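Pasting model12.cif here (mmCIF, C-alpha atoms):
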```
data_data
#
loop_
_atom_site.group_PDB
_atom_site.id
_atom_site.type_symbol
_atom_site.label_atom_id
_atom_site.label_comp_id
_atom_site.auth_asym_id
_atom_site.auth_seq_id
_atom_site.Cartn_x
_atom_site.Cartn_y
_atom_site.Cartn_z
ATOM 1 C CA MET A 148 8.723 -39.698 -134.273
ATOM 2 C CA ASN A 149 9.366 -43.431 -134.710
ATOM 3 C CA ILE A 150 11.860 -45.445 -132.710
ATOM 4 C CA PHE A 151 13.207 -48.503 -134.533
ATOM 5 C CA ILE A 152 14.961 -51.343 -132.767
ATOM 6 C CA LYS A 153 16.587 -53.856 -135.139
ATOM 7 C CA GLY A 154 14.456 -52.568 -137.998
ATOM 8 C CA LYS A 155 11.120 -52.969 -136.171
ATOM 9 C CA THR A 156 9.054 -50.024 -135.059
ATOM 10 C CA MET A 157 8.980 -50.251 -131.274
ATOM 11 C CA ALA A 158 7.335 -46.967 -130.433
ATOM 12 C CA ASN A 159 5.519 -44.187 -132.195
ATOM 13 C CA LEU A 160 5.639 -40.819 -130.597
ATOM 14 C CA ASN A 161 3.204 -38.412 -132.065
ATOM 15 C CA ILE A 162 4.615 -34.957 -131.696
ATOM 16 C CA LYS A 163 1.173 -33.385 -131.802
ATOM 17 C CA ASN A 164 0.032 -35.420 -128.779
ATOM 18 C CA ILE A 165 3.066 -34.665 -126.644
ATOM 19 C CA ASP A 166 3.826 -31.143 -127.635
ATOM 20 C CA SER A 167 1.696 -28.383 -126.273
ATOM 21 C CA SER A 168 1.671 -24.701 -126.826
ATOM 22 C CA LYS A 169 2.745 -23.952 -123.240
ATOM 23 C CA SER A 170 5.980 -25.970 -123.357
ATOM 24 C CA ALA A 171 7.274 -25.952 -126.896
ATOM 25 C CA GLY A 172 10.608 -27.687 -126.270
ATOM 26 C CA LYS A 173 9.145 -30.687 -124.452
ATOM 27 C CA THR A 174 9.344 -33.169 -127.331
ATOM 28 C CA LYS A 175 12.987 -32.456 -127.960
ATOM 29 C CA THR A 176 13.849 -32.950 -124.291
ATOM 30 C CA LEU A 177 11.998 -36.268 -124.228
ATOM 31 C CA SER A 178 13.798 -37.678 -127.283
ATOM 32 C CA VAL A 179 17.184 -36.602 -125.908
ATOM 33 C CA ASN A 180 16.428 -38.330 -122.614
ATOM 34 C CA VAL A 181 15.513 -41.599 -124.347
ATOM 35 C CA ILE A 182 18.787 -41.681 -126.292
ATOM 36 C CA LYS A 183 20.878 -40.591 -123.309
ATOM 37 C CA SER A 184 19.479 -43.264 -121.003
ATOM 38 C CA LEU A 185 20.164 -46.024 -123.546
ATOM 39 C CA ALA A 186 23.660 -44.736 -124.230
ATOM 40 C CA SER A 187 24.511 -44.738 -120.529
ATOM 41 C CA LEU A 188 23.955 -48.496 -120.410
ATOM 42 C CA LYS A 189 27.093 -49.064 -122.467
ATOM 43 C CA ALA A 190 30.235 -49.897 -120.491
ATOM 44 C CA ILE A 191 32.893 -47.263 -120.109
ATOM 45 C CA SER A 192 36.269 -48.537 -121.259
ATOM 46 C CA GLY A 193 38.469 -46.983 -118.579
ATOM 47 C CA GLY A 194 41.532 -48.333 -120.335
ATOM 48 C CA ARG A 195 43.732 -51.364 -120.102
ATOM 49 C CA ALA A 196 44.336 -51.214 -116.355
ATOM 50 C CA SER A 197 40.709 -50.632 -115.361
ATOM 51 C CA GLY A 198 39.559 -54.243 -115.437
ATOM 52 C CA ASN A 199 36.240 -53.188 -116.986
ATOM 53 C CA TYR A 200 34.377 -55.477 -119.323
ATOM 54 C CA PRO A 201 31.629 -54.860 -121.877
ATOM 55 C CA LYS A 202 28.140 -54.917 -120.452
ATOM 56 C CA LYS A 203 25.268 -56.835 -122.034
ATOM 57 C CA ARG A 204 24.897 -55.849 -125.648
ATOM 58 C CA PHE A 205 21.927 -53.677 -126.561
ATOM 59 C CA PRO A 206 20.240 -53.488 -129.951
ATOM 60 C CA THR A 207 21.039 -50.584 -132.225
ATOM 61 C CA ILE A 208 18.590 -47.755 -131.732
ATOM 62 C CA ILE A 209 17.680 -45.699 -134.757
ATOM 63 C CA VAL A 210 15.619 -42.626 -134.092
ATOM 64 C CA ASP A 211 13.616 -41.488 -137.059
ATOM 65 C CA ASN A 212 12.309 -37.985 -136.719
ATOM 66 C CA GLY A 213 10.051 -38.511 -139.676
ATOM 67 C CA ILE A 214 11.826 -35.965 -141.837
ATOM 68 C CA MET B 131 34.923 -54.245 -113.243
ATOM 69 C CA ALA B 132 31.527 -54.487 -111.604
ATOM 70 C CA TYR B 133 31.718 -50.749 -110.962
ATOM 71 C CA ASP B 134 32.828 -48.916 -114.104
ATOM 72 C CA TYR B 135 33.838 -45.681 -112.406
ATOM 73 C CA PHE B 136 36.006 -47.472 -109.835
ATOM 74 C CA GLY B 137 37.763 -49.167 -112.751
ATOM 75 C CA LEU B 138 38.304 -45.743 -114.329
ATOM 76 C CA SER B 139 39.981 -44.470 -111.161
ATOM 77 C CA ILE B 140 42.180 -47.554 -110.851
ATOM 78 C CA GLY B 141 43.176 -47.294 -114.531
ATOM 79 C CA ALA B 142 44.139 -43.641 -114.073
ATOM 80 C CA LEU B 143 46.042 -44.459 -110.879
ATOM 81 C CA VAL B 144 48.034 -47.201 -112.613
ATOM 82 C CA ILE B 145 49.082 -44.944 -115.519
ATOM 83 C CA TRP B 146 49.954 -42.167 -113.064
ATOM 84 C CA GLY B 147 52.011 -44.711 -111.102
ATOM 85 C CA PHE B 148 53.962 -45.766 -114.197
ATOM 86 C CA PHE B 149 54.709 -42.141 -115.031
ATOM 87 C CA MET B 150 55.769 -41.402 -111.462
ATOM 88 C CA ALA B 151 58.045 -44.469 -111.481
ATOM 89 C CA SER B 152 59.701 -43.394 -114.744
ATOM 90 C CA LEU B 153 60.075 -39.837 -113.442
ATOM 91 C CA LEU B 154 61.613 -41.172 -110.232
ATOM 92 C CA HIS B 155 64.169 -43.303 -112.073
ATOM 93 C CA VAL B 156 64.963 -40.497 -114.542
ATOM 94 C CA SER B 157 65.673 -38.130 -111.644
ATOM 95 C CA PHE B 158 67.745 -40.828 -109.887
ATOM 96 C CA TYR B 159 69.722 -41.307 -113.099
ATOM 97 C CA ILE B 160 70.305 -37.578 -113.710
ATOM 98 C CA LEU B 161 71.264 -36.899 -110.076
ATOM 99 C CA ALA B 162 73.489 -40.013 -110.123
ATOM 100 C CA VAL B 163 71.749 -41.369 -107.019
ATOM 101 C CA ASN B 164 71.095 -44.748 -108.556
ATOM 102 C CA LYS B 165 71.823 -45.385 -112.241
ATOM 103 C CA ASN B 166 69.362 -48.214 -112.644
ATOM 104 C CA VAL B 167 68.804 -48.558 -116.398
ATOM 105 C CA GLN B 168 66.705 -51.696 -115.995
ATOM 106 C CA ALA B 169 64.080 -50.006 -113.802
ATOM 107 C CA LEU B 170 64.178 -46.850 -115.907
ATOM 108 C CA ALA B 171 63.630 -48.747 -119.155
ATOM 109 C CA CYS B 172 60.821 -50.915 -117.691
ATOM 110 C CA ALA B 173 59.001 -47.902 -116.191
ATOM 111 C CA PHE B 174 59.305 -45.853 -119.371
ATOM 112 C CA ILE B 175 58.174 -48.703 -121.665
ATOM 113 C CA LEU B 176 55.156 -49.519 -119.485
ATOM 114 C CA ALA B 177 54.128 -45.864 -119.113
ATOM 115 C CA ALA B 178 54.351 -45.364 -122.889
ATOM 116 C CA SER B 179 52.510 -48.600 -123.650
ATOM 117 C CA TYR B 180 49.626 -48.012 -121.222
ATOM 118 C CA SER B 181 49.182 -44.398 -122.339
ATOM 119 C CA LEU B 182 49.218 -45.377 -126.004
ATOM 120 C CA SER B 183 46.663 -48.162 -125.471
ATOM 121 C CA ASP B 184 44.320 -45.746 -123.690
ATOM 122 C CA LEU B 185 44.676 -43.189 -126.447
ATOM 123 C CA THR B 186 43.999 -45.634 -129.263
ATOM 124 C CA THR B 187 40.934 -47.432 -127.887
ATOM 125 C CA SER B 188 37.416 -46.030 -127.831
ATOM 126 C CA VAL B 189 35.488 -44.913 -124.744
ATOM 127 C CA ASN B 190 32.764 -47.503 -125.253
ATOM 128 C CA PHE B 191 34.048 -50.915 -124.324
ATOM 129 C CA GLU B 192 33.645 -53.600 -126.988
ATOM 130 C CA SER B 193 34.713 -57.233 -126.727
ATOM 131 C CA ILE B 194 37.203 -56.765 -129.607
ATOM 132 C CA ASP B 195 39.162 -54.388 -127.329
ATOM 133 C CA PHE B 196 40.453 -57.421 -125.410
ATOM 134 C CA ALA B 197 42.320 -58.544 -128.543
ATOM 135 C CA ILE B 198 43.867 -55.074 -128.904
ATOM 136 C CA TYR B 199 44.950 -55.109 -125.248
ATOM 137 C CA PHE B 200 46.363 -58.614 -125.701
ATOM 138 C CA VAL B 201 48.470 -57.457 -128.661
ATOM 139 C CA TYR B 202 49.609 -54.408 -126.673
ATOM 140 C CA ASP B 203 50.728 -56.644 -123.782
ATOM 141 C CA ILE B 204 52.616 -59.036 -126.070
ATOM 142 C CA VAL B 205 54.347 -56.179 -127.913
ATOM 143 C CA THR B 206 55.227 -54.473 -124.601
ATOM 144 C CA LEU B 207 56.588 -57.747 -123.224
ATOM 145 C CA ALA B 208 58.710 -58.221 -126.360
ATOM 146 C CA ILE B 209 60.065 -54.653 -126.091
ATOM 147 C CA VAL B 210 60.914 -55.129 -122.376
ATOM 148 C CA ILE B 211 62.786 -58.376 -123.153
ATOM 149 C CA MET B 212 64.503 -56.837 -126.194
ATOM 150 C CA SER B 213 65.572 -53.762 -124.205
ATOM 151 C CA ARG B 214 67.299 -56.102 -121.731
ATOM 152 C CA HIS B 215 69.013 -57.875 -124.624
ATOM 153 C CA PHE B 216 70.318 -54.612 -126.114
ATOM 154 C CA PHE B 217 71.037 -52.376 -123.107
ATOM 155 C CA TYR B 218 71.737 -54.394 -119.961
ATOM 156 C CA LYS B 219 72.307 -57.980 -121.022
ATOM 157 C CA CYS B 220 75.210 -58.505 -118.588
ATOM 158 C CA ASP B 221 73.339 -57.198 -115.514
ATOM 159 C CA SER B 222 71.490 -59.631 -113.251
ATOM 160 C CA ARG B 223 67.713 -59.598 -113.479
ATOM 161 C CA GLN B 224 66.243 -57.112 -111.022
ATOM 162 C CA PRO B 225 62.889 -57.543 -109.209
ATOM 163 C CA CYS B 226 61.199 -54.827 -111.308
ATOM 164 C CA TYR B 227 62.129 -56.670 -114.532
ATOM 165 C CA ILE B 228 60.830 -60.024 -113.248
ATOM 166 C CA TYR B 229 57.601 -58.505 -111.872
ATOM 167 C CA CYS B 230 56.938 -56.590 -115.104
ATOM 168 C CA THR B 231 57.514 -59.544 -117.423
ATOM 169 C CA LEU B 232 55.440 -61.821 -115.195
ATOM 170 C CA GLY B 233 52.690 -59.207 -114.816
ATOM 171 C CA LEU B 234 52.486 -58.571 -118.546
ATOM 172 C CA THR B 235 52.320 -62.318 -119.221
ATOM 173 C CA ILE B 236 49.449 -62.786 -116.720
ATOM 174 C CA ASN B 237 47.608 -59.762 -118.149
ATOM 175 C CA ALA B 238 48.064 -61.020 -121.717
ATOM 176 C CA MET B 239 46.656 -64.431 -120.779
ATOM 177 C CA LEU B 240 43.680 -62.807 -119.061
ATOM 178 C CA PHE B 241 42.949 -60.580 -122.075
ATOM 179 C CA LEU B 242 43.175 -63.574 -124.380
ATOM 180 C CA ALA B 243 40.802 -65.581 -122.170
ATOM 181 C CA MET B 244 38.341 -62.682 -122.090
ATOM 182 C CA PHE B 245 38.575 -62.198 -125.858
ATOM 183 C CA ILE B 246 37.870 -65.872 -126.504
ATOM 184 C CA ASP B 247 34.985 -65.929 -124.041
ATOM 185 C CA SER B 248 33.266 -62.647 -124.850
ATOM 186 C CA HIS B 249 34.047 -62.186 -128.548
ATOM 187 C CA LEU B 250 34.564 -65.637 -130.040
ATOM 188 C CA LEU B 251 32.185 -67.622 -127.817
ATOM 189 C CA GLY B 252 29.761 -64.699 -127.540
ATOM 190 C CA THR B 253 29.206 -64.729 -123.788
ATOM 191 C CA ASP B 254 27.442 -61.524 -122.762
ATOM 192 C CA GLU B 255 26.661 -62.191 -119.104
ATOM 193 C CA PRO B 256 29.421 -61.721 -116.506
ATOM 194 C CA TRP B 257 30.511 -64.909 -114.768
ATOM 195 C CA ALA B 258 33.408 -66.154 -112.581
ATOM 196 C CA LEU B 259 36.088 -65.622 -115.277
ATOM 197 C CA TRP B 260 35.039 -62.007 -115.807
ATOM 198 C CA TYR B 261 35.150 -61.229 -112.083
ATOM 199 C CA PHE B 262 38.501 -63.019 -111.805
ATOM 200 C CA TYR B 263 39.836 -61.005 -114.761
ATOM 201 C CA SER B 264 38.580 -57.734 -113.220
ATOM 202 C CA SER B 265 40.277 -58.316 -109.878
ATOM 203 C CA MET B 266 43.474 -59.859 -111.235
ATOM 204 C CA VAL B 267 44.162 -57.126 -113.814
ATOM 205 C CA ASN B 268 43.907 -54.459 -111.114
ATOM 206 C CA ILE B 269 46.039 -56.407 -108.624
ATOM 207 C CA VAL B 270 48.718 -57.263 -111.211
ATOM 208 C CA ASP B 271 48.914 -53.675 -112.474
ATOM 209 C CA LEU B 272 49.220 -52.266 -108.956
ATOM 210 C CA VAL B 273 51.895 -54.862 -108.122
ATOM 211 C CA MET B 274 53.829 -53.810 -111.260
ATOM 212 C CA VAL B 275 53.635 -50.149 -110.212
ATOM 213 C CA GLY B 276 54.853 -51.063 -106.717
ATOM 214 C CA ALA B 277 57.702 -53.175 -108.089
ATOM 215 C CA LEU B 278 58.812 -50.379 -110.432
ATOM 216 C CA ILE B 279 58.856 -47.759 -107.698
ATOM 217 C CA LEU B 280 60.378 -49.879 -104.914
ATOM 218 C CA ASN B 281 62.382 -52.351 -107.027
ATOM 219 C CA ARG B 282 62.064 -54.897 -104.227
ATOM 220 C CA ASP B 283 61.024 -58.542 -104.275
ATOM 221 C CA PHE B 284 58.117 -57.925 -101.875
ATOM 222 C CA LEU B 285 56.124 -61.000 -102.936
ATOM 223 C CA GLY B 286 59.112 -63.316 -103.014
ATOM 224 C CA LEU B 287 58.646 -64.127 -106.715
ATOM 225 C CA GLN B 288 62.331 -63.713 -107.518
ATOM 226 C CA LEU B 289 63.244 -66.001 -104.634
ATOM 227 C CA ILE B 290 60.756 -68.636 -105.815
ATOM 228 C CA SER B 291 61.959 -68.407 -109.433
ATOM 229 C CA ARG B 292 65.588 -68.810 -108.313
ATOM 230 C CA LYS B 293 64.709 -71.846 -106.205
ATOM 231 C CA VAL B 294 62.704 -73.387 -109.043
ATOM 232 C CA LEU B 295 65.569 -72.817 -111.497
ATOM 233 C CA ASN B 296 68.076 -74.288 -109.011
ATOM 234 C CA ILE B 297 65.926 -77.403 -108.571
ATOM 235 C CA LYS B 298 65.689 -77.797 -112.346
ATOM 236 C CA THR B 299 69.456 -77.442 -112.887
ATOM 237 C CA THR B 300 70.432 -79.847 -110.056
#
```

Transcribe the structure of this file into structure tokens.
Amino acid sequence: MNIFIKGKTMANLNIKNIDSSKSAGKTKTLSVNVIKSLASLKAISGGRASGNYPKKRFPTIIVDNGI
Amino acid sequence: MAYDYFGLSIGALVIWGFFMASLLHVSFYILAVNKNVQALACAFILAASYSLSDLTTSVNFESIDFAIYFVYDIVTLAIVIMSRHFFYKCDSRQPCYIYCTLGLTINAMLFLAMFIDSHLLGTDEPWALWYFYSSMVNIVDLVMVGALILNRDFLGLQLISRKVLNIKTT
């Protein structure tokens, strides 16, 4: 799996190296965690009366599963 | 807001407050306890406006949202002023009307300042203006809720505005 940030390959995750026969779903869990942790950095709107503001902008993350 | 989830709670509390205020004035009107059309109209317009703005904006906060909120505040302000013109033009201005128009004007200015700073100028790090905006929006909204429920000049703004107008006319 390749992770692209602004069109550049930032990380290569080889499924064969991570995945093992004992825990088959491990790769999937890892990729979900990566996306979830980056998404949580975005500011929650909370509406007009919340007084929230956008947090520091993060680059667009494109996850390529190599399909 | 420095703490997003606290902002969420305050935002929900403010909308709940507007709905409670409109419900209160509707029940007062139906039961003929106090037929205050001015307070009823202000509470209903603000409740509708704040609910609609929350429904139409996305969960993830973007800097362009400040422009949308600014437009919402201006339109709401125009509707509040127009409702006075059409329904209760002859009545004297009540505290809730003055507090709502003033509150919406302050909020609109804050949203415009934030839009210019974060979207047009591209600032992405919070600074004094952002913290000021965060605190002021919450304070102003809570003051508006209080003014709509109590309909009292608890900050003395009506008194000050009358004195200022008297000085200008004399």

Test item: the PyMOL selection byres ((chain B and resi 200) around 9) resolved as a PyMOL selection string: chain B and resi 195-199+201-205+237-242+245

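In this structure, atom CA of B:Met150 sits 12.6 Å away from atom CA of B:Met274.
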
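Atom CA of B:Ala177 is positioned 15.0 Å from atom CA of B:Ala208.
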
Selection: 9 Å around stretch 142-149 of chain B, all atoms listed in the file, excl. self and same-chain fewer than 5 positions, as a PyMOL selection string: (chain A and resi 193-194+196-197) or (chain B and resi 137+154+173-174+176-178+180-181+268+271-272+274-276+278-279)

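Compared by their closest atoms to B:Leu280, and using all atoms listed in the file, the residues B:Val267, B:Ile236, B:Val294, B:Ala169 rank with B:Ala169 nearest.
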
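One finds atom CA of B:Phe136 at 28.8 Å from atom CA of B:Leu170.
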
List every residue of chain B that has an atom at most 7 Å from any atom of chain A, giving for each one its closest atom pair and the distance in Å to one decimal, counting all atoms listed in the file, sorted by chain and then by ascending residue number, as JSON lines.
```
{"residue": "B:Met131", "atom": "CA", "partner": "A:Asn199", "partner_atom": "CA", "distance": 4.1}
{"residue": "B:Asp134", "atom": "CA", "partner": "A:Asn199", "partner_atom": "CA", "distance": 6.2}
{"residue": "B:Gly137", "atom": "CA", "partner": "A:Ser197", "partner_atom": "CA", "distance": 4.2}
{"residue": "B:Leu138", "atom": "CA", "partner": "A:Gly193", "partner_atom": "CA", "distance": 4.4}
{"residue": "B:Ile140", "atom": "CA", "partner": "A:Ser197", "partner_atom": "CA", "distance": 5.7}
{"residue": "B:Gly141", "atom": "CA", "partner": "A:Ser197", "partner_atom": "CA", "distance": 4.2}
{"residue": "B:Val144", "atom": "CA", "partner": "A:Ala196", "partner_atom": "CA", "distance": 6.6}
{"residue": "B:Tyr180", "atom": "CA", "partner": "A:Arg195", "partner_atom": "CA", "distance": 6.9}
{"residue": "B:Ser183", "atom": "CA", "partner": "A:Arg195", "partner_atom": "CA", "distance": 6.9}
{"residue": "B:Asp184", "atom": "CA", "partner": "A:Gly194", "partner_atom": "CA", "distance": 5.1}
{"residue": "B:Val189", "atom": "CA", "partner": "A:Ser192", "partner_atom": "CA", "distance": 5.1}
{"residue": "B:Asn190", "atom": "CA", "partner": "A:Ile191", "partner_atom": "CA", "distance": 5.2}
{"residue": "B:Phe191", "atom": "CA", "partner": "A:Ser192", "partner_atom": "CA", "distance": 4.5}
{"residue": "B:Glu192", "atom": "CA", "partner": "A:Pro201", "partner_atom": "CA", "distance": 5.6}
{"residue": "B:Ser193", "atom": "CA", "partner": "A:Pro201", "partner_atom": "CA", "distance": 6.2}
{"residue": "B:Tyr199", "atom": "CA", "partner": "A:Arg195", "partner_atom": "CA", "distance": 6.5}
{"residue": "B:Asp254", "atom": "CA", "partner": "A:Lys203", "partner_atom": "CA", "distance": 5.2}
{"residue": "B:Glu255", "atom": "CA", "partner": "A:Lys203", "partner_atom": "CA", "distance": 6.3}
{"residue": "B:Tyr263", "atom": "CA", "partner": "A:Gly198", "partner_atom": "CA", "distance": 6.8}
{"residue": "B:Ser264", "atom": "CA", "partner": "A:Gly198", "partner_atom": "CA", "distance": 4.2}
{"residue": "B:Ser265", "atom": "CA", "partner": "A:Gly198", "partner_atom": "CA", "distance": 6.9}
{"residue": "B:Val267", "atom": "CA", "partner": "A:Gly198", "partner_atom": "CA", "distance": 5.7}
{"residue": "B:Asn268", "atom": "CA", "partner": "A:Gly198", "partner_atom": "CA", "distance": 6.1}
{"residue": "B:Asp271", "atom": "CA", "partner": "A:Ala196", "partner_atom": "CA", "distance": 6.5}
```

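Residues matched by the PyMOL selection byres ((chain B and resi 223-231) around 7) in this structure: Gln168, Ala169, Cys172, Leu207, Asp221, Ser222, Leu232, Gly233, Leu234, Thr235, Met274, Ala277, Leu278, Asn281, Arg282, Asp283 and Gln288 of chain B.
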